[in-house]
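**Q** My structure is stored as input-v2.cif, with mmCIF, C-alpha atoms, pLDDT in the B column; chains and numbers go by the auth columns.
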data_input
loop_
_atom_site.group_PDB
_atom_site.id
_atom_site.type_symbol
_atom_site.label_atom_id
_atom_site.label_comp_id
_atom_site.label_asym_id
_atom_site.label_seq_id
_atom_site.Cartn_x
_atom_site.Cartn_y
_atom_site.Cartn_z
_atom_site.B_iso_or_equiv
_atom_site.auth_seq_id
_atom_site.auth_asym_id
ATOM 1 C CA MET A 1 156.079 93.077 120.945 55.00 28 A
ATOM 2 C CA SER A 2 159.602 92.946 122.341 65.00 29 A
ATOM 3 C CA ARG A 3 160.187 92.853 126.069 71.00 30 A
ATOM 4 C CA ARG A 4 161.587 96.407 126.094 79.00 31 A
ATOM 5 C CA ILE A 5 158.667 97.865 124.121 81.00 32 A
ATOM 6 C CA GLU A 6 156.184 95.953 126.273 82.00 33 A
ATOM 7 C CA LEU A 7 157.772 97.301 129.458 87.00 34 A
ATOM 8 C CA ILE A 8 157.845 100.904 128.195 91.00 35 A
ATOM 9 C CA PHE A 9 154.240 100.647 127.018 91.00 36 A
ATOM 10 C CA LEU A 10 153.116 99.134 130.331 93.00 37 A
ATOM 11 C CA LEU A 11 154.963 101.780 132.369 95.00 38 A
ATOM 12 C CA ALA A 12 153.443 104.589 130.306 96.00 39 A
ATOM 13 C CA VAL A 13 149.914 103.183 130.608 96.00 40 A
ATOM 14 C CA ASP A 14 150.323 102.610 134.362 97.00 41 A
ATOM 15 C CA ALA A 15 151.692 106.125 134.873 97.00 42 A
ATOM 16 C CA ALA A 16 148.775 107.682 132.961 97.00 43 A
ATOM 17 C CA ALA A 17 146.216 105.580 134.858 97.00 44 A
ATOM 18 C CA LEU A 18 147.787 106.410 138.223 97.00 45 A
ATOM 19 C CA ALA A 19 147.937 110.125 137.412 96.00 46 A
ATOM 20 C CA TRP A 20 144.228 110.141 136.557 97.00 47 A
ATOM 21 C CA ALA A 21 143.388 108.155 139.699 96.00 48 A
ATOM 22 C CA ASN A 22 145.318 110.604 141.874 94.00 49 A
ATOM 23 C CA MET A 23 143.667 113.607 140.234 94.00 50 A
ATOM 24 C CA LEU A 24 140.203 112.081 140.625 94.00 51 A
ATOM 25 C CA TRP A 25 140.842 111.491 144.299 89.00 52 A
ATOM 26 C CA TYR A 26 142.165 115.047 144.741 88.00 53 A
ATOM 27 C CA TRP A 27 139.167 116.597 143.004 90.00 54 A
ATOM 28 C CA ALA A 28 136.692 114.419 144.923 87.00 55 A
ATOM 29 C CA ARG A 29 138.380 115.213 148.224 80.00 56 A
ATOM 30 C CA PHE A 30 139.235 118.888 147.960 79.00 57 A
ATOM 31 C CA ASP A 31 137.242 120.395 145.075 78.00 58 A
ATOM 32 C CA TRP A 32 133.997 118.439 145.012 76.00 59 A
ATOM 33 C CA VAL A 33 134.026 117.793 148.804 71.00 60 A
ATOM 34 C CA TRP A 34 132.428 114.368 148.517 78.00 61 A
ATOM 35 C CA PHE A 35 133.703 113.149 151.902 73.00 62 A
ATOM 36 C CA SER A 36 132.892 116.021 154.294 66.00 63 A
ATOM 37 C CA GLU A 37 134.999 119.135 154.727 63.00 64 A
ATOM 38 C CA PRO A 38 138.736 118.444 154.461 58.00 65 A
ATOM 39 C CA VAL A 39 140.741 118.702 157.661 53.00 66 A
ATOM 40 C CA TYR A 40 143.453 120.483 155.687 58.00 67 A
ATOM 41 C CA THR A 41 144.207 121.670 152.157 60.00 68 A
ATOM 42 C CA PRO A 42 147.470 120.577 150.516 63.00 69 A
ATOM 43 C CA ILE A 43 150.062 123.307 150.161 60.00 70 A
ATOM 44 C CA SER A 44 151.808 121.679 147.205 69.00 71 A
ATOM 45 C CA PRO A 45 150.412 122.251 143.694 81.00 72 A
ATOM 46 C CA LEU A 46 148.261 119.484 142.251 85.00 73 A
ATOM 47 C CA SER A 47 150.914 118.551 139.676 87.00 74 A
ATOM 48 C CA ILE A 48 153.567 117.945 142.351 90.00 75 A
ATOM 49 C CA LEU A 49 151.205 115.922 144.549 88.00 76 A
ATOM 50 C CA VAL A 50 150.083 113.797 141.605 92.00 77 A
ATOM 51 C CA GLY A 51 153.693 113.276 140.497 93.00 78 A
ATOM 52 C CA VAL A 52 154.820 112.171 143.963 92.00 79 A
ATOM 53 C CA LEU A 53 151.915 109.748 144.407 93.00 80 A
ATOM 54 C CA THR A 54 152.335 108.363 140.878 96.00 81 A
ATOM 55 C CA GLY A 55 156.041 107.799 141.522 95.00 82 A
ATOM 56 C CA PHE A 56 155.204 106.068 144.805 95.00 83 A
ATOM 57 C CA TRP A 57 152.860 103.624 143.076 96.00 84 A
ATOM 58 C CA LEU A 58 155.258 102.885 140.228 97.00 85 A
ATOM 59 C CA LEU A 59 158.052 102.109 142.697 96.00 86 A
ATOM 60 C CA LEU A 60 155.685 99.910 144.703 96.00 87 A
ATOM 61 C CA PHE A 61 154.630 98.005 141.561 96.00 88 A
ATOM 62 C CA LEU A 62 158.283 97.540 140.656 94.00 89 A
ATOM 63 C CA PHE A 63 159.147 96.295 144.159 94.00 90 A
ATOM 64 C CA PHE A 64 156.340 93.724 144.113 94.00 91 A
ATOM 65 C CA GLY A 65 157.258 92.395 140.680 90.00 92 A
ATOM 66 C CA MET A 66 154.381 93.858 138.685 92.00 93 A
ATOM 67 C CA TYR A 67 156.838 94.562 135.868 90.00 94 A
ATOM 68 C CA ARG A 68 158.295 91.083 135.709 83.00 95 A
ATOM 69 C CA GLU A 69 157.536 89.256 132.509 71.00 96 A
ATOM 70 C CA ARG A 70 154.077 87.714 132.784 62.00 97 A
ATOM 71 C CA TYR A 71 154.100 85.975 129.435 58.00 98 A
ATOM 72 C CA ALA A 72 150.833 84.178 128.653 57.00 99 A
ATOM 73 C CA SER A 73 149.771 84.537 132.277 66.00 100 A
ATOM 74 C CA SER A 74 146.156 84.747 133.357 77.00 101 A
ATOM 75 C CA ARG A 75 144.650 88.227 133.361 83.00 102 A
ATOM 76 C CA PHE A 76 142.664 87.260 136.442 87.00 103 A
ATOM 77 C CA ASP A 77 145.843 86.320 138.309 89.00 104 A
ATOM 78 C CA GLU A 78 147.426 89.620 137.315 91.00 105 A
ATOM 79 C CA LEU A 79 144.409 91.578 138.566 93.00 106 A
ATOM 80 C CA VAL A 80 144.404 89.669 141.855 94.00 107 A
ATOM 81 C CA SER A 81 148.094 90.496 142.337 94.00 108 A
ATOM 82 C CA LEU A 82 147.364 94.102 141.461 95.00 109 A
ATOM 83 C CA ALA A 83 144.554 94.292 144.033 96.00 110 A
ATOM 84 C CA LYS A 84 146.867 92.961 146.745 96.00 111 A
ATOM 85 C CA VAL A 85 149.627 95.455 145.930 97.00 112 A
ATOM 86 C CA ILE A 86 147.187 98.378 145.845 97.00 113 A
ATOM 87 C CA THR A 87 145.692 97.349 149.175 96.00 114 A
ATOM 88 C CA PHE A 88 149.162 97.277 150.702 96.00 115 A
ATOM 89 C CA GLY A 89 149.989 100.652 149.168 95.00 116 A
ATOM 90 C CA ILE A 90 146.793 102.243 150.502 92.00 117 A
ATOM 91 C CA LEU A 91 147.643 101.026 154.001 90.00 118 A
ATOM 92 C CA VAL A 92 151.168 102.434 153.723 90.00 119 A
ATOM 93 C CA LEU A 93 149.861 105.818 152.582 86.00 120 A
ATOM 94 C CA PHE A 94 147.247 105.836 155.340 81.00 121 A
ATOM 95 C CA PHE A 95 149.709 105.229 158.170 81.00 122 A
ATOM 96 C CA LEU A 96 152.397 107.508 156.731 79.00 123 A
ATOM 97 C CA PHE A 97 150.337 110.488 155.547 72.00 124 A
ATOM 98 C CA PHE A 98 146.584 110.182 155.915 67.00 125 A
ATOM 99 C CA ILE A 99 146.148 109.082 159.517 64.00 126 A
ATOM 100 C CA ASP A 100 146.649 112.633 160.860 62.00 127 A
ATOM 101 C CA ASN A 101 144.890 114.357 157.982 59.00 128 A
ATOM 102 C CA LEU A 102 141.601 112.437 157.731 59.00 129 A
ATOM 103 C CA ASP A 103 138.796 112.696 160.232 60.00 130 A
ATOM 104 C CA ALA A 104 137.084 109.538 161.410 57.00 131 A
ATOM 105 C CA LEU A 105 133.938 110.296 159.404 60.00 132 A
ATOM 106 C CA SER A 106 135.641 110.643 156.041 68.00 133 A
ATOM 107 C CA ALA A 107 138.574 108.214 156.382 73.00 134 A
ATOM 108 C CA ARG A 108 136.766 105.102 155.153 80.00 135 A
ATOM 109 C CA PRO A 109 135.044 106.601 152.067 84.00 136 A
ATOM 110 C CA ASN A 110 138.264 108.444 151.195 82.00 137 A
ATOM 111 C CA LEU A 111 140.356 105.278 151.233 85.00 138 A
ATOM 112 C CA LEU A 112 137.697 103.187 149.483 91.00 139 A
ATOM 113 C CA PHE A 113 137.328 105.763 146.725 93.00 140 A
ATOM 114 C CA TYR A 114 141.083 106.057 146.278 93.00 141 A
ATOM 115 C CA TRP A 115 141.518 102.267 146.230 95.00 142 A
ATOM 116 C CA ALA A 116 138.750 101.881 143.647 96.00 143 A
ATOM 117 C CA ALA A 117 140.102 104.704 141.461 96.00 144 A
ATOM 118 C CA VAL A 118 143.619 103.270 141.409 97.00 145 A
ATOM 119 C CA PHE A 119 142.513 99.674 140.896 97.00 146 A
ATOM 120 C CA LEU A 120 139.911 100.317 138.193 97.00 147 A
ATOM 121 C CA LEU A 121 142.030 102.687 136.114 97.00 148 A
ATOM 122 C CA VAL A 122 145.244 100.646 136.356 97.00 149 A
ATOM 123 C CA SER A 123 143.299 97.441 135.642 96.00 150 A
ATOM 124 C CA ALA A 124 141.704 98.989 132.565 96.00 151 A
ATOM 125 C CA GLY A 125 145.118 100.089 131.319 95.00 152 A
ATOM 126 C CA ARG A 126 146.656 96.677 131.868 94.00 153 A
ATOM 127 C CA ILE A 127 143.761 94.896 130.165 93.00 154 A
ATOM 128 C CA LEU A 128 144.331 97.209 127.191 93.00 155 A
ATOM 129 C CA VAL A 129 148.034 96.334 127.118 90.00 156 A
ATOM 130 C CA ARG A 130 147.382 92.581 127.369 87.00 157 A
ATOM 131 C CA THR A 131 144.698 92.779 124.676 87.00 158 A
ATOM 132 C CA VAL A 132 147.067 94.532 122.275 87.00 159 A
ATOM 133 C CA GLN A 133 149.801 92.037 123.167 82.00 160 A
ATOM 134 C CA LYS A 134 147.468 89.105 122.467 82.00 161 A
ATOM 135 C CA LEU A 135 146.369 90.528 119.111 84.00 162 A
ATOM 136 C CA LEU A 136 149.994 90.973 118.074 81.00 163 A
ATOM 137 C CA ILE A 137 150.849 87.432 119.189 78.00 164 A
ATOM 138 C CA LEU A 138 147.979 85.962 117.161 77.00 165 A
ATOM 139 C CA ARG A 139 149.408 87.787 114.139 80.00 166 A
ATOM 140 C CA GLY A 140 152.839 86.311 114.741 75.00 167 A
ATOM 141 C CA TYR A 141 154.542 89.293 116.383 79.00 168 A
ATOM 142 C CA GLY A 142 156.539 89.006 119.594 75.00 169 A
ATOM 143 C CA LEU A 143 156.490 85.207 119.775 82.00 170 A
ATOM 144 C CA HIS A 144 158.799 83.452 122.239 82.00 171 A
ATOM 145 C CA ARG A 145 161.131 80.900 120.671 87.00 172 A
ATOM 146 C CA ALA A 146 160.724 77.684 122.658 88.00 173 A
ATOM 147 C CA LEU A 147 162.429 74.287 122.825 88.00 174 A
ATOM 148 C CA ILE A 148 160.693 71.189 124.177 86.00 175 A
ATOM 149 C CA VAL A 149 162.669 68.633 126.180 84.00 176 A
ATOM 150 C CA GLY A 150 160.991 65.410 127.222 78.00 177 A
ATOM 151 C CA TRP A 151 160.548 61.674 127.225 70.00 178 A
ATOM 152 C CA SER A 152 158.305 59.345 125.244 62.00 179 A
ATOM 153 C CA ASP A 153 154.830 60.533 124.380 65.00 180 A
ATOM 154 C CA GLY A 154 155.009 63.403 126.832 74.00 181 A
ATOM 155 C CA LEU A 155 156.944 65.465 124.303 78.00 182 A
ATOM 156 C CA ASP A 156 154.421 64.920 121.519 78.00 183 A
ATOM 157 C CA GLN A 157 151.518 65.630 123.864 81.00 184 A
ATOM 158 C CA LEU A 158 153.026 68.905 125.050 84.00 185 A
ATOM 159 C CA TYR A 159 153.767 69.925 121.463 83.00 186 A
ATOM 160 C CA GLU A 160 150.108 69.350 120.539 84.00 187 A
ATOM 161 C CA GLU A 161 148.881 71.299 123.578 84.00 188 A
ATOM 162 C CA VAL A 162 151.060 74.288 122.725 84.00 189 A
ATOM 163 C CA ALA A 163 149.856 74.170 119.103 82.00 190 A
ATOM 164 C CA ARG A 164 146.229 74.316 120.294 82.00 191 A
ATOM 165 C CA TYR A 165 146.815 77.579 122.151 81.00 192 A
ATOM 166 C CA PRO A 166 148.491 80.080 119.811 79.00 193 A
ATOM 167 C CA GLU A 167 147.607 82.895 122.223 74.00 194 A
ATOM 168 C CA ALA A 168 150.319 81.521 124.517 78.00 195 A
ATOM 169 C CA GLY A 169 152.765 83.114 122.074 81.00 196 A
ATOM 170 C CA LEU A 170 155.197 80.198 121.886 85.00 197 A
ATOM 171 C CA ASP A 171 157.013 79.367 118.659 86.00 198 A
ATOM 172 C CA ILE A 172 158.366 75.813 118.955 87.00 199 A
ATOM 173 C CA VAL A 173 161.694 75.911 117.120 86.00 200 A
ATOM 174 C CA GLY A 174 162.945 72.494 118.150 81.00 201 A
ATOM 175 C CA SER A 175 162.537 69.470 120.355 81.00 202 A
ATOM 176 C CA LEU A 176 165.000 67.363 122.262 81.00 203 A
ATOM 177 C CA ARG A 177 163.656 63.844 122.745 77.00 204 A
ATOM 178 C CA LEU A 178 165.355 61.918 125.531 72.00 205 A
ATOM 179 C CA ARG A 179 165.874 58.136 125.472 67.00 206 A
ATOM 180 C CA ARG A 180 166.467 55.812 128.367 58.00 207 A
ATOM 181 C CA GLU A 181 169.271 53.331 127.873 57.00 208 A
ATOM 182 C CA SER A 182 170.519 50.730 130.283 50.00 209 A
ATOM 183 C CA ALA A 183 174.251 50.286 130.864 48.00 210 A
ATOM 184 C CA LYS A 184 175.356 47.794 133.526 43.00 211 A
ATOM 185 C CA GLY A 185 172.005 48.068 135.203 38.00 212 A
ATOM 186 C CA LYS A 186 172.140 51.850 135.486 40.00 213 A
ATOM 187 C CA ALA A 187 169.621 54.028 133.774 38.00 214 A
ATOM 188 C CA MET A 188 171.262 56.380 131.327 41.00 215 A
ATOM 189 C CA VAL A 189 169.837 59.352 129.491 47.00 216 A
ATOM 190 C CA SER A 190 170.756 60.139 125.910 47.00 217 A
ATOM 191 C CA SER A 191 168.998 62.383 123.490 49.00 218 A
ATOM 192 C CA GLU A 192 168.363 63.487 119.958 51.00 219 A
ATOM 193 C CA TYR A 193 167.057 66.782 118.754 52.00 220 A
ATOM 194 C CA ALA A 194 164.945 67.853 115.815 55.00 221 A
ATOM 195 C CA LEU A 195 164.570 71.311 114.350 53.00 222 A
ATOM 196 C CA GLU A 196 161.051 72.393 113.525 51.00 223 A
ATOM 197 C CA ASP A 197 161.255 74.654 110.467 43.00 224 A
ATOM 198 C CA GLU A 198 159.584 75.169 107.141 37.00 225 A
ATOM 199 C CA GLU A 199 162.086 73.098 105.206 40.00 226 A
ATOM 200 C CA SER A 200 162.337 69.934 107.245 38.00 227 A
ATOM 201 C CA ASP A 201 161.073 68.404 110.447 42.00 228 A
ATOM 202 C CA GLU A 202 163.476 65.506 110.420 42.00 229 A
ATOM 203 C CA SER A 203 166.024 64.866 113.104 43.00 230 A
ATOM 204 C CA ALA A 204 168.966 67.237 112.790 46.00 231 A
ATOM 205 C CA GLY A 205 171.343 64.959 114.612 47.00 232 A
ATOM 206 C CA VAL A 206 172.139 63.171 117.824 47.00 233 A
ATOM 207 C CA SER A 207 173.141 65.189 120.817 54.00 234 A
ATOM 208 C CA SER A 208 173.804 64.833 124.504 60.00 235 A
ATOM 209 C CA ILE A 209 171.668 66.511 127.124 68.00 236 A
ATOM 210 C CA GLN A 210 174.832 68.436 128.026 73.00 237 A
ATOM 211 C CA ASP A 211 174.484 70.194 124.661 74.00 238 A
ATOM 212 C CA LEU A 212 171.236 71.841 125.740 81.00 239 A
ATOM 213 C CA PRO A 213 172.896 75.215 126.578 86.00 240 A
ATOM 214 C CA ARG A 214 174.529 75.238 123.131 85.00 241 A
ATOM 215 C CA LEU A 215 171.227 74.473 121.419 84.00 242 A
ATOM 216 C CA ILE A 216 169.546 77.257 123.388 87.00 243 A
ATOM 217 C CA ASP A 217 172.151 79.717 122.144 88.00 244 A
ATOM 218 C CA GLU A 218 172.164 78.486 118.547 85.00 245 A
ATOM 219 C CA LEU A 219 168.368 78.483 118.236 84.00 246 A
ATOM 220 C CA GLU A 220 168.008 81.721 120.244 85.00 247 A
ATOM 221 C CA VAL A 221 165.598 79.954 122.581 88.00 248 A
ATOM 222 C CA GLN A 222 163.773 82.059 125.186 85.00 249 A
ATOM 223 C CA ASP A 223 161.779 79.275 126.891 86.00 250 A
ATOM 224 C CA VAL A 224 162.498 75.613 127.528 88.00 251 A
ATOM 225 C CA LEU A 225 159.430 73.452 128.113 87.00 252 A
ATOM 226 C CA ILE A 226 159.916 70.215 130.046 84.00 253 A
ATOM 227 C CA ALA A 227 157.574 67.362 129.095 81.00 254 A
ATOM 228 C CA LEU A 228 157.348 64.941 132.015 73.00 255 A
ATOM 229 C CA GLY A 229 155.687 61.568 132.376 67.00 256 A
ATOM 230 C CA SER A 230 154.451 60.156 135.653 66.00 257 A
ATOM 231 C CA ASN A 231 157.749 58.342 136.323 66.00 258 A
ATOM 232 C CA ASP A 232 160.209 60.886 134.960 63.00 259 A
ATOM 233 C CA GLY A 233 161.170 62.632 138.192 65.00 260 A
ATOM 234 C CA ASP A 234 164.460 60.794 138.703 67.00 261 A
ATOM 235 C CA SER A 235 165.408 61.093 135.052 63.00 262 A
ATOM 236 C CA LEU A 236 164.725 64.822 135.160 65.00 263 A
ATOM 237 C CA MET A 237 167.150 65.281 138.076 68.00 264 A
ATOM 238 C CA GLU A 238 169.810 63.257 136.265 65.00 265 A
#
Take the structure in the file and write it out as structure tokens.
**A**
Amino acid sequence: MSRRIELIFLLAVDAAALAWANMLWYWARFDWVWFSEPVYTPISPLSILVGVLTGFWLLLFLFFGMYRERYASSRFDELVSLAKVITFGILVLFFLFFIDNLDALSARPNLLFYWAAVFLLVSAGRILVRTVQKLLILRGYGLHRALIVGWSDGLDQLYEEVARYPEAGLDIVGSLRLRRESAKGKAMVSSEYALEDEESDESAGVSSIQDLPRLIDELEVQDVLIALGSNDGDSLME
């Protein structure tokens, strides 16, 4: 799926999950009385309270980069980041709003229940989004056009590794193979590029590394993969 559709879908799923988490906490706290008698009862209607808390969480997720592109990232890493952000958010809510409205007996179970409700429901929503995204990628939708730049066998090795993992969602549209040439004792870097398409995989011409921005524009490249060998650090900087 496109980046815009993915973002809208993710925002909608997060908003729905957060709304349900906030309502569950409200019902458990004030209607079902799971955590002892409430010290107070909210004056605002449930819909307003849920809307304010949902907006708070969405802004917090945005601030901590939970809506940055996480293409082909680990689900586990995303859930760990989510747990950290939710923990921070719970602490903020506690010190801003809950500290004067929760008695000592019910504070801990209240916060633990709220943390669990937010984390589990948002996590389930995000796993759903990533699962749908992966299924679409495996069917060829929403692939990222990628160009590989590298030296020697490193380029071929990286190409093979990407080909082994189609769920990464990378469509290799070209490669720019760098050569080392010596001129008056100084290491020089030149290059040639090849287009990977259905018609031909032969070299499309000789180019300079300075042409990389042009190639990115012409091929509509979204990702550039750098294939490095063990001694390619200096050449990469050049």
**Q** For the file shown, report as an MDAnalysis selection string the outcome of the PyMOL selection byres ((chain A and resi 156) around 12) at residue level.
**A** chainID A and resid 28 32:41 97 102 149:155 157:163
**Q** Output C-alpha atoms of each residue in that selection to a file, as an mmCIF file, in the frame of the given file.
**A**
data_model
loop_
_atom_site.group_PDB
_atom_site.id
_atom_site.type_symbol
_atom_site.label_atom_id
_atom_site.label_comp_id
_atom_site.auth_asym_id
_atom_site.auth_seq_id
_atom_site.Cartn_x
_atom_site.Cartn_y
_atom_site.Cartn_z
ATOM 1 C CA MET A 28 156.079 93.077 120.945
ATOM 2 C CA ILE A 32 158.667 97.865 124.121
ATOM 3 C CA GLU A 33 156.184 95.953 126.273
ATOM 4 C CA LEU A 34 157.772 97.301 129.458
ATOM 5 C CA ILE A 35 157.845 100.904 128.195
ATOM 6 C CA PHE A 36 154.240 100.647 127.018
ATOM 7 C CA LEU A 37 153.116 99.134 130.331
ATOM 8 C CA LEU A 38 154.963 101.780 132.369
ATOM 9 C CA ALA A 39 153.443 104.589 130.306
ATOM 10 C CA VAL A 40 149.914 103.183 130.608
ATOM 11 C CA ASP A 41 150.323 102.610 134.362
ATOM 12 C CA ARG A 97 154.077 87.714 132.784
ATOM 13 C CA ARG A 102 144.650 88.227 133.361
ATOM 14 C CA VAL A 149 145.244 100.646 136.356
ATOM 15 C CA SER A 150 143.299 97.441 135.642
ATOM 16 C CA ALA A 151 141.704 98.989 132.565
ATOM 17 C CA GLY A 152 145.118 100.089 131.319
ATOM 18 C CA ARG A 153 146.656 96.677 131.868
ATOM 19 C CA ILE A 154 143.761 94.896 130.165
ATOM 20 C CA LEU A 155 144.331 97.209 127.191
ATOM 21 C CA ARG A 157 147.382 92.581 127.369
ATOM 22 C CA THR A 158 144.698 92.779 124.676
ATOM 23 C CA VAL A 159 147.067 94.532 122.275
ATOM 24 C CA GLN A 160 149.801 92.037 123.167
ATOM 25 C CA LYS A 161 147.468 89.105 122.467
ATOM 26 C CA LEU A 162 146.369 90.528 119.111
ATOM 27 C CA LEU A 163 149.994 90.973 118.074
#
**Q** Can you give me, as a ChimeraX atom specification, the residues this file yields under the PyMOL selection byres ((chain A and resi 80-96) around 9)?
**A** /A:30,34,37-38,41-43,45-46,49,75-79,97-98,105,108-109,112-113,116
**Q** Rank A:Ala190, A:Ala134, A:Val119, A:Val145 by their smallest atom-to-atom distance to Trp52 in chain A, using only C-alpha atoms, and report the top residue only.
**A**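 Under the stated criterion, the closest residue is A:Val145.
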**Q** If I take CA of Val248 in chain A and CA of Tyr168 in chain A, how far is one from the other in Å, to one decimal?
**A** 15.7 Å
**Q** Compare A:Pro72, A:Gly196, A:Gly169, A:Gly201 by their minimum atom-to-atom distance to Leu182 in chain A, counting all atoms listed in the file, and give me the closest one.
**A**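 Closest to Leu182 in chain A, using all atoms listed in the file: A:Gly201.
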**Q** Grab the CA of Arg172 in chain A to CA of Val251 in chain A distance for me, in Å with one decimal place.
**A** 8.8 Å
**Q** Using all atoms listed in the file, which of the listed residues (A:Tyr141, A:Phe146, A:Trp178, A:Phe124) sits closest to Lys111 in chain A?
**A** A:Phe146
**Q** When distances are computed from only C-alpha atoms, which of A:Leu255, A:Ala144, A:Leu138, A:Leu205 shows the smallest separation from Gln184 in chain A?
**A** A:Leu255
**Q** Counting only C-alpha atoms, which residues sit no farther than 8 Å from the position (136.3, 114.9, 149.0) in the file's frame? I'd like them as JSON, numbers by chain.
**A** {"A": [52, 53, 54, 55, 56, 57, 58, 59, 60, 61, 62, 63, 64, 65, 137]}
**Q** Kindly save the residues from that selection, with C-alpha atoms included, as a short mmCIF file (atom, residue, chain, number, x, y, z; two decimals), keeping the file's coordinate frame.
**A**
data_model
loop_
_atom_site.label_atom_id
_atom_site.label_comp_id
_atom_site.auth_asym_id
_atom_site.auth_seq_id
_atom_site.Cartn_x
_atom_site.Cartn_y
_atom_site.Cartn_z
CA TRP A 52 140.84 111.49 144.30
CA TYR A 53 142.16 115.05 144.74
CA TRP A 54 139.17 116.60 143.00
CA ALA A 55 136.69 114.42 144.92
CA ARG A 56 138.38 115.21 148.22
CA PHE A 57 139.24 118.89 147.96
CA ASP A 58 137.24 120.40 145.07
CA TRP A 59 134.00 118.44 145.01
CA VAL A 60 134.03 117.79 148.80
CA TRP A 61 132.43 114.37 148.52
CA PHE A 62 133.70 113.15 151.90
CA SER A 63 132.89 116.02 154.29
CA GLU A 64 135.00 119.14 154.73
CA PRO A 65 138.74 118.44 154.46
CA ASN A 137 138.26 108.44 151.20
#
**Q** How many Å lie between CA of Val107 in chain A and CA of Leu148 in chain A, rounded to one decimal?
**A**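 According to the coordinates, CA of Val107 in chain A and CA of Leu148 in chain A are separated by 14.4 Å.
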**Q** Find the residue from A:Leu51, A:Leu118, A:Arg191, A:Ser202 that sits nearest to Phe140 in chain A; use only C-alpha atoms when measuring.
**A**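 Answer, going by the shortest atom-to-atom distance: A:Leu51.
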